[in-house]
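Source file: data-v4.cif (mmCIF, C-alpha atoms and all ligand atoms)
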```cif
data_structure
loop_
_atom_site.label_atom_id
_atom_site.label_comp_id
_atom_site.auth_asym_id
_atom_site.auth_seq_id
_atom_site.Cartn_x
_atom_site.Cartn_y
_atom_site.Cartn_z
CA MET A 1 73.37 -51.48 65.92
CA THR A 2 70.10 -50.04 64.69
CA THR A 3 68.62 -51.60 61.66
CA ALA A 4 66.85 -49.42 59.23
CA THR A 5 63.48 -51.00 58.81
CA ALA A 6 60.79 -50.51 56.25
CA ASP A 7 58.56 -48.82 58.82
CA ARG A 8 60.88 -45.86 59.15
CA THR A 9 62.57 -43.75 56.53
CA HIS A 10 65.91 -42.51 57.78
CA VAL A 11 67.33 -39.17 56.75
CA VAL A 12 71.00 -40.15 56.93
CA ILE A 13 73.36 -37.20 57.35
CA ALA A 14 76.55 -37.44 55.27
CA LEU A 15 79.37 -36.30 57.55
CA ASP A 16 81.59 -35.09 54.74
CA PHE A 17 84.07 -33.25 56.96
CA PRO A 18 87.86 -33.23 56.68
CA GLU A 19 88.55 -33.84 60.39
CA PRO A 20 86.86 -35.83 63.14
CA ASN A 21 86.74 -32.83 65.47
CA GLU A 22 84.70 -30.91 62.88
CA ALA A 23 82.28 -33.82 62.65
CA GLU A 24 82.06 -33.98 66.45
CA ARG A 25 81.41 -30.25 66.69
CA PHE A 26 78.65 -30.62 64.12
CA LEU A 27 77.10 -33.59 65.95
CA SER A 28 77.17 -31.71 69.25
CA LEU A 29 74.31 -29.61 67.80
CA TRP A 30 72.13 -32.69 68.49
CA ARG A 31 73.29 -32.87 72.14
CA ASP A 32 69.83 -33.01 73.72
CA ARG A 33 68.08 -34.77 70.87
CA GLU A 34 67.78 -38.22 69.36
CA LYS A 35 71.02 -39.09 67.59
CA PRO A 36 70.71 -38.95 63.80
CA PHE A 37 71.76 -41.81 61.52
CA VAL A 38 75.09 -40.69 60.06
CA LYS A 39 77.20 -41.56 57.06
CA VAL A 40 80.98 -41.66 57.21
CA GLY A 41 82.48 -41.47 53.74
CA MET A 42 86.00 -41.69 52.44
CA GLN A 43 87.06 -38.18 53.42
CA LEU A 44 86.32 -38.60 57.11
CA PHE A 45 87.28 -42.27 57.25
CA TYR A 46 90.71 -41.63 55.78
CA ALA A 47 91.25 -38.76 58.25
CA ALA A 48 89.72 -40.31 61.36
CA GLY A 49 90.32 -44.04 60.88
CA PRO A 50 88.40 -47.15 61.91
CA ARG A 51 88.78 -46.67 65.67
CA TRP A 52 86.99 -43.35 65.51
CA VAL A 53 84.17 -44.98 63.56
CA ALA A 54 83.92 -47.74 66.19
CA SER A 55 83.74 -45.08 68.91
CA LEU A 56 80.89 -43.38 67.06
CA VAL A 57 79.01 -46.70 67.10
CA GLU A 58 79.81 -47.18 70.79
CA THR A 59 78.40 -43.73 71.54
CA GLY A 60 75.09 -44.88 70.11
CA TYR A 61 75.11 -43.67 66.51
CA SER A 62 73.79 -45.77 63.67
CA VAL A 63 76.52 -45.57 61.06
CA PHE A 64 76.49 -45.97 57.31
CA LEU A 65 80.10 -46.57 56.29
CA ASP A 66 80.34 -45.46 52.69
CA LEU A 67 83.69 -46.59 51.30
CA LYS A 68 82.38 -47.83 47.96
CA LEU A 69 84.61 -50.89 47.80
CA HIS A 70 85.52 -51.98 44.29
CA ASP A 71 88.29 -54.55 43.71
CA ILE A 72 88.76 -58.24 42.98
CA PRO A 73 86.51 -60.52 45.07
CA HIS A 74 89.29 -61.74 47.38
CA THR A 75 90.39 -58.20 48.23
CA VAL A 76 86.88 -56.88 48.80
CA ALA A 77 86.04 -59.86 51.00
CA GLY A 78 89.13 -59.07 53.06
CA GLY A 79 88.12 -55.42 53.30
CA ILE A 80 84.63 -56.33 54.46
CA GLY A 81 86.15 -58.75 56.97
CA SER A 82 88.22 -55.91 58.44
CA LEU A 83 85.20 -53.60 58.63
CA THR A 84 82.59 -55.93 60.15
CA GLY A 85 84.10 -55.61 63.64
CA LEU A 86 83.34 -51.87 63.70
CA GLY A 87 79.65 -52.52 64.31
CA VAL A 88 78.42 -50.24 61.53
CA ASP A 89 74.94 -50.72 60.07
CA TRP A 90 75.55 -50.34 56.35
CA ILE A 91 78.57 -50.60 54.06
CA THR A 92 78.72 -49.69 50.36
CA LEU A 93 80.44 -51.41 47.47
CA HIS A 94 80.21 -50.75 43.74
CA ALA A 95 77.81 -53.02 41.85
CA GLY A 96 80.14 -52.46 38.89
CA GLY A 97 82.65 -54.75 40.64
CA GLY A 98 80.44 -57.60 39.48
CA LYS A 99 78.46 -60.47 40.92
CA ALA A 100 81.42 -62.52 42.15
CA MET A 101 82.75 -59.51 44.05
CA MET A 102 79.40 -58.85 45.70
CA GLU A 103 78.95 -62.53 46.58
CA ALA A 104 82.39 -62.62 48.18
CA ALA A 105 81.50 -59.49 50.18
CA LYS A 106 78.25 -61.09 51.31
CA ALA A 107 80.03 -64.24 52.47
CA ALA A 108 82.56 -62.16 54.41
CA ALA A 109 79.83 -60.04 56.03
CA SER A 110 77.79 -63.11 56.93
CA ALA A 111 80.65 -64.38 59.07
CA ALA A 112 79.65 -61.67 61.57
CA GLY A 113 76.34 -63.51 62.17
CA SER A 114 73.41 -61.48 63.42
CA ARG A 115 75.60 -58.39 63.80
CA ARG A 116 76.50 -58.39 60.15
CA PRO A 117 76.38 -55.04 58.37
CA ARG A 118 73.87 -54.59 55.57
CA LEU A 119 75.55 -54.35 52.18
CA LEU A 120 74.46 -51.70 49.69
CA ALA A 121 75.51 -51.78 46.07
CA VAL A 122 76.11 -48.40 44.45
CA THR A 123 74.55 -48.38 40.97
CA GLN A 124 75.24 -45.26 38.86
CA LEU A 125 76.51 -42.35 40.90
CA THR A 126 74.01 -39.51 41.20
CA SER A 127 76.70 -37.19 39.82
CA MET A 128 76.37 -38.95 36.44
CA ASP A 129 73.88 -38.13 33.73
CA ARG A 130 73.13 -39.92 30.50
CA ARG A 131 75.62 -37.88 28.47
CA ALA A 132 78.54 -38.73 30.76
CA MET A 133 77.47 -42.35 30.98
CA ASN A 134 77.10 -42.78 27.20
CA ASP A 135 79.98 -40.61 26.00
CA GLU A 136 82.59 -40.96 28.74
CA LEU A 137 81.96 -44.46 30.07
CA GLY A 138 80.63 -45.89 26.80
CA ILE A 139 77.62 -47.44 28.55
CA PRO A 140 74.70 -47.25 26.09
CA GLY A 141 71.03 -46.58 26.85
CA THR A 142 69.36 -44.66 29.61
CA VAL A 143 70.69 -44.22 33.11
CA ARG A 144 67.56 -45.92 34.38
CA ASP A 145 68.30 -49.05 32.33
CA ALA A 146 71.89 -49.16 33.57
CA VAL A 147 70.78 -48.70 37.18
CA LEU A 148 68.20 -51.44 36.77
CA ARG A 149 70.84 -53.81 35.42
CA TYR A 150 73.10 -53.12 38.41
CA ALA A 151 70.18 -53.49 40.81
CA ARG A 152 69.23 -56.88 39.35
CA LEU A 153 72.81 -58.04 39.69
CA ALA A 154 72.94 -56.78 43.26
CA GLU A 155 69.75 -58.60 44.12
CA GLN A 156 71.05 -61.85 42.58
CA ALA A 157 74.27 -61.51 44.57
CA GLY A 158 72.31 -61.20 47.82
CA MET A 159 72.85 -57.51 48.51
CA ASP A 160 70.52 -55.93 51.06
CA GLY A 161 69.97 -52.81 49.03
CA VAL A 162 71.16 -50.38 46.41
CA VAL A 163 72.16 -46.74 46.27
CA CYS A 164 70.37 -44.99 43.43
CA SER A 165 68.75 -41.67 42.67
CA GLY A 166 65.09 -40.95 43.34
CA GLU A 167 64.52 -41.21 39.60
CA GLU A 168 65.18 -44.95 39.70
CA ALA A 169 64.00 -46.01 43.17
CA GLY A 170 60.41 -46.80 42.25
CA TRP A 171 61.45 -48.49 39.04
CA ILE A 172 63.75 -50.80 41.06
CA LYS A 173 60.97 -51.64 43.52
CA GLU A 174 58.68 -52.51 40.64
CA LYS A 175 61.10 -54.42 38.42
CA VAL A 176 63.53 -56.00 40.88
CA GLY A 177 61.61 -56.40 44.11
CA ARG A 178 60.26 -54.53 47.08
CA SER A 179 62.60 -56.17 49.55
CA LEU A 180 65.69 -54.57 48.01
CA MET A 181 66.31 -51.46 50.12
CA THR A 182 66.65 -48.24 48.13
CA VAL A 183 68.96 -45.60 49.59
CA THR A 184 68.84 -42.29 47.79
CA PRO A 185 71.34 -39.42 47.79
CA GLY A 186 71.12 -36.38 45.51
CA ILE A 187 68.52 -34.82 47.79
CA ARG A 188 67.89 -31.10 47.42
CA LEU A 189 65.18 -28.75 48.60
CA ASN A 190 63.39 -26.76 45.90
CA GLY A 191 65.69 -24.20 44.32
CA GLN A 192 68.78 -25.35 46.21
CA ARG A 193 72.18 -25.54 44.52
CA THR A 194 72.77 -28.98 43.03
CA GLY A 195 76.57 -28.65 42.93
CA ASP A 196 78.11 -31.77 41.40
CA GLN A 197 74.87 -33.77 41.61
CA LYS A 198 73.00 -34.44 38.36
CA ARG A 199 70.06 -36.62 39.37
CA VAL A 200 68.41 -34.76 42.23
CA MET A 201 65.04 -34.79 43.95
CA THR A 202 63.30 -33.18 46.89
CA PRO A 203 62.87 -35.41 49.98
CA GLU A 204 59.13 -35.52 49.42
CA LYS A 205 59.37 -36.59 45.79
CA ALA A 206 62.09 -39.15 46.53
CA VAL A 207 59.92 -40.87 49.15
CA ARG A 208 56.90 -40.78 46.85
CA SER A 209 59.08 -42.26 44.09
CA GLY A 210 60.13 -45.28 46.17
CA ALA A 211 63.18 -44.28 48.22
CA ASP A 212 63.32 -46.17 51.52
CA HIS A 213 66.02 -43.94 52.99
CA LEU A 214 67.58 -40.61 52.07
CA VAL A 215 71.21 -39.50 52.28
CA VAL A 216 71.72 -35.78 52.73
CA GLY A 217 75.02 -33.95 53.02
CA ARG A 218 75.50 -30.28 52.15
CA PRO A 219 71.85 -29.20 52.40
CA ILE A 220 72.19 -30.00 56.13
CA THR A 221 75.90 -29.69 56.92
CA ARG A 222 76.20 -26.30 55.23
CA ALA A 223 72.90 -24.92 56.46
CA GLN A 224 72.86 -22.01 58.83
CA HIS A 225 70.65 -24.04 61.18
CA PRO A 226 71.44 -27.72 60.46
CA VAL A 227 69.19 -29.23 63.16
CA GLU A 228 66.18 -27.27 61.93
CA VAL A 229 66.75 -28.30 58.30
CA TYR A 230 67.22 -31.93 59.36
CA GLU A 231 64.07 -31.94 61.49
CA GLU A 232 62.09 -30.28 58.74
CA MET A 233 63.20 -33.03 56.32
CA VAL A 234 62.33 -35.79 58.80
CA LYS A 235 58.90 -34.27 59.32
CA CYS A 236 58.34 -33.93 55.58
CA VAL A 237 59.38 -37.55 54.99
CA GLN A 238 57.06 -38.87 57.71
CA GLN A 239 54.16 -36.83 56.42
CA THR A 240 54.76 -37.97 52.84
CA ARG A 241 54.81 -41.58 53.98
CA ARG A 242 51.57 -41.15 55.86
CA GLU A 243 49.82 -39.36 53.01
CA ASN A 244 50.95 -41.82 50.37
CA ASP A 245 50.67 -44.94 52.50
CA VAL A 246 54.23 -46.01 51.78
O1 LIG A 301 77.01 -43.85 48.21
C1 LIG A 301 76.62 -42.69 48.44
O2 LIG A 301 76.28 -42.36 49.56
C2 LIG A 301 76.46 -41.79 47.28
C3 LIG A 301 76.18 -42.38 46.06
C4 LIG A 301 75.81 -41.58 44.98
O3 LIG A 301 75.49 -42.07 43.90
N1 LIG A 301 75.80 -40.23 45.14
C5 LIG A 301 76.12 -39.62 46.33
O4 LIG A 301 76.06 -38.39 46.40
N2 LIG A 301 76.51 -40.39 47.40
C6 LIG A 301 76.94 -39.74 48.65
O5 LIG A 301 75.86 -38.99 49.21
C7 LIG A 301 76.32 -37.77 49.75
C8 LIG A 301 75.59 -36.64 49.06
O6 LIG A 301 76.03 -35.42 49.55
P1 LIG A 301 75.33 -34.04 49.17
O7 LIG A 301 75.35 -33.92 47.69
O8 LIG A 301 76.21 -33.03 49.85
O9 LIG A 301 73.94 -34.11 49.74
C9 LIG A 301 77.83 -37.73 49.57
O10 LIG A 301 78.44 -38.12 50.78
C10 LIG A 301 78.12 -38.77 48.50
O11 LIG A 301 79.34 -39.43 48.71
#
```
The structure in this file should be written as structure tokens.
Amino acid sequence: MTTATADRTHVVIALDFPEPNEAERFLSLWRDREKPFVKVGMQLFYAAGPRWVASLVETGYSVFLDLKLHDIPHTVAGGIGSLTGLGVDWITLHAGGGKAMMEAAKAAASAAGSRRPRLLAVTQLTSMDRRAMNDELGIPGTVRDAVLRYARLAEQAGMDGVVCSGEEAGWIKEKVGRSLMTVTPGIRLNGQRTGDQKRVMTPEKAVRSGADHLVVGRPITRAQHPVEVYEEMVKCVQQTRRENDV
């Protein structure tokens, strides 16, 4: 298990593929290179199952298991208990499940001792904007305020980090605390299609804004030359960190 540390910003590749063999074919592009940190989300997990995820870990990948758990505390604790044996690095759950749910998840993860996965609370999805949040969900105020509220709750419940957009990462560091890890999807290069994402940022700007780690799917998985795009992003992130002393 690799642990993402503050001295390195990971560009985590979201393996949003329908079948494990597609994901494996994609990963084979990195055959002679350092293995990237990868994210397995619901699409691939439901198709490939937990054993495949465990085999990915055994092969040497750092894995972010993004299942966004959200249920009553007892059920989420049970889910976390079933997932800890896979050896993944990070697991997501929705902060909107509440403090008791997150605390139950933390207790279940802690049972794995030093090999426990880090728990990340998802705040407001990056596919949401203020209009959808206010009008559809009935949550008043700005997205930033809502994200901050979730982040505070996550910190109080002992979460290791939060998933948020680049627009909120720095705000969270300032208002909630620097030790709470900020993991940021919604990453796009200048001029790239945003698709269903609403709160997007370039890798450079996200790092400057306070993102500890980036999650990138389609800009890499759908690129003509995925390894080159990935390496370019890693280089850009490292350079930004150096230049901004972050
Ligand atoms: O938890 C996540 O990883 C996540 C949270 C969020 O708010 N927004 C978000 O896009 N994600 C994930 O990040 C990835 C982004 O993919 P792309 O939009 O293709 O780069 C997807 O796998 C999403 O499931």
(message) Just checking: using only C-alpha atoms, which residue out of A:Thr126, A:Leu83, A:Glu103, A:Ile139 ends up closest to Pro50 (chain A)?
(response)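 Result for the nearest residue to Pro50 (chain A): A:Leu83.
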(request) List the neighbours of region 120-122 of chain A out to 7 Å using all atoms listed in the file; skip same-chain residues closer than 3 positions along the sequence, and give me the result as a ChimeraX atom specification. (result) /A:90-95,154,159-164
(request) Excluding Gly158 (chain A) and any residue of its chain fewer than 5 positions from it, enumerate the residues within 12 Å of it, using all atoms listed in the file, and give them as a PyMOL selection string. (result) chain A and resi 95+99-107+109-110+118-121+151-153+179-181
(request) Check the smallest atom-to-atom distance from each of A:Val227, A:Leu137, A:Ile187, A:Val200 to ligand LIG 301 (chain A) using only C-alpha atoms and all ligand atoms, then report the winner. (result)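 Closest to ligand LIG 301 (chain A), using only C-alpha atoms and all ligand atoms: A:Ile187.
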(message) ligand LIG 301 (chain A): which residues are within 6 Å, counting all atoms listed in the file? Reply as a PyMOL selection string.
(response) chain A and resi 14+16+66+122+124-126+163-164+185-187+215-219
Give me the residues within 9 Å of Arg144 (chain A) as a PDB file with C-alpha atoms, in the coordinates of the input, counting only C-alpha atoms and dropping any in the same chain fewer than 6 places off.
```pdb
ATOM      1  CA  GLN A 124      75.240 -45.260  38.860  1.00  0.00           C
ATOM      2  CA  GLU A 167      64.520 -41.210  39.600  1.00  0.00           C
ATOM      3  CA  GLU A 168      65.180 -44.950  39.700  1.00  0.00           C
ATOM      4  CA  TRP A 171      61.450 -48.490  39.040  1.00  0.00           C
TER       5      TRP A 171
END
```
(request) Could you check which of A:Val246, A:Ala223, A:Glu174, A:Gly166 is closest to Arg193 (chain A), using only C-alpha atoms? (result)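 Closest to Arg193 (chain A) of all the choices is A:Ala223.
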(message) Let me make sure I understand: among A:Gly97, A:Gln224, A:Arg242, A:Arg188, which one has the smallest atom-to-atom distance to Ile72 (chain A) if we use all atoms listed in the file?
(response)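 Among the listed residues, A:Gly97 lies closest to Ile72 (chain A).
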(message) Here is a test: counting only C-alpha atoms, which residue of A:Gly96, A:Gly81, A:Pro36, A:Gly191 is nearest to Ala146 (chain A)?
(response)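 Checking each candidate against Ala146 (chain A), we get A:Gly96 as the closest.
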(request) Just give me the gap between CA of Phe37 (chain A) and CA of Ser209 (chain A) in Å, one decimal is fine. (result) 21.6 Å
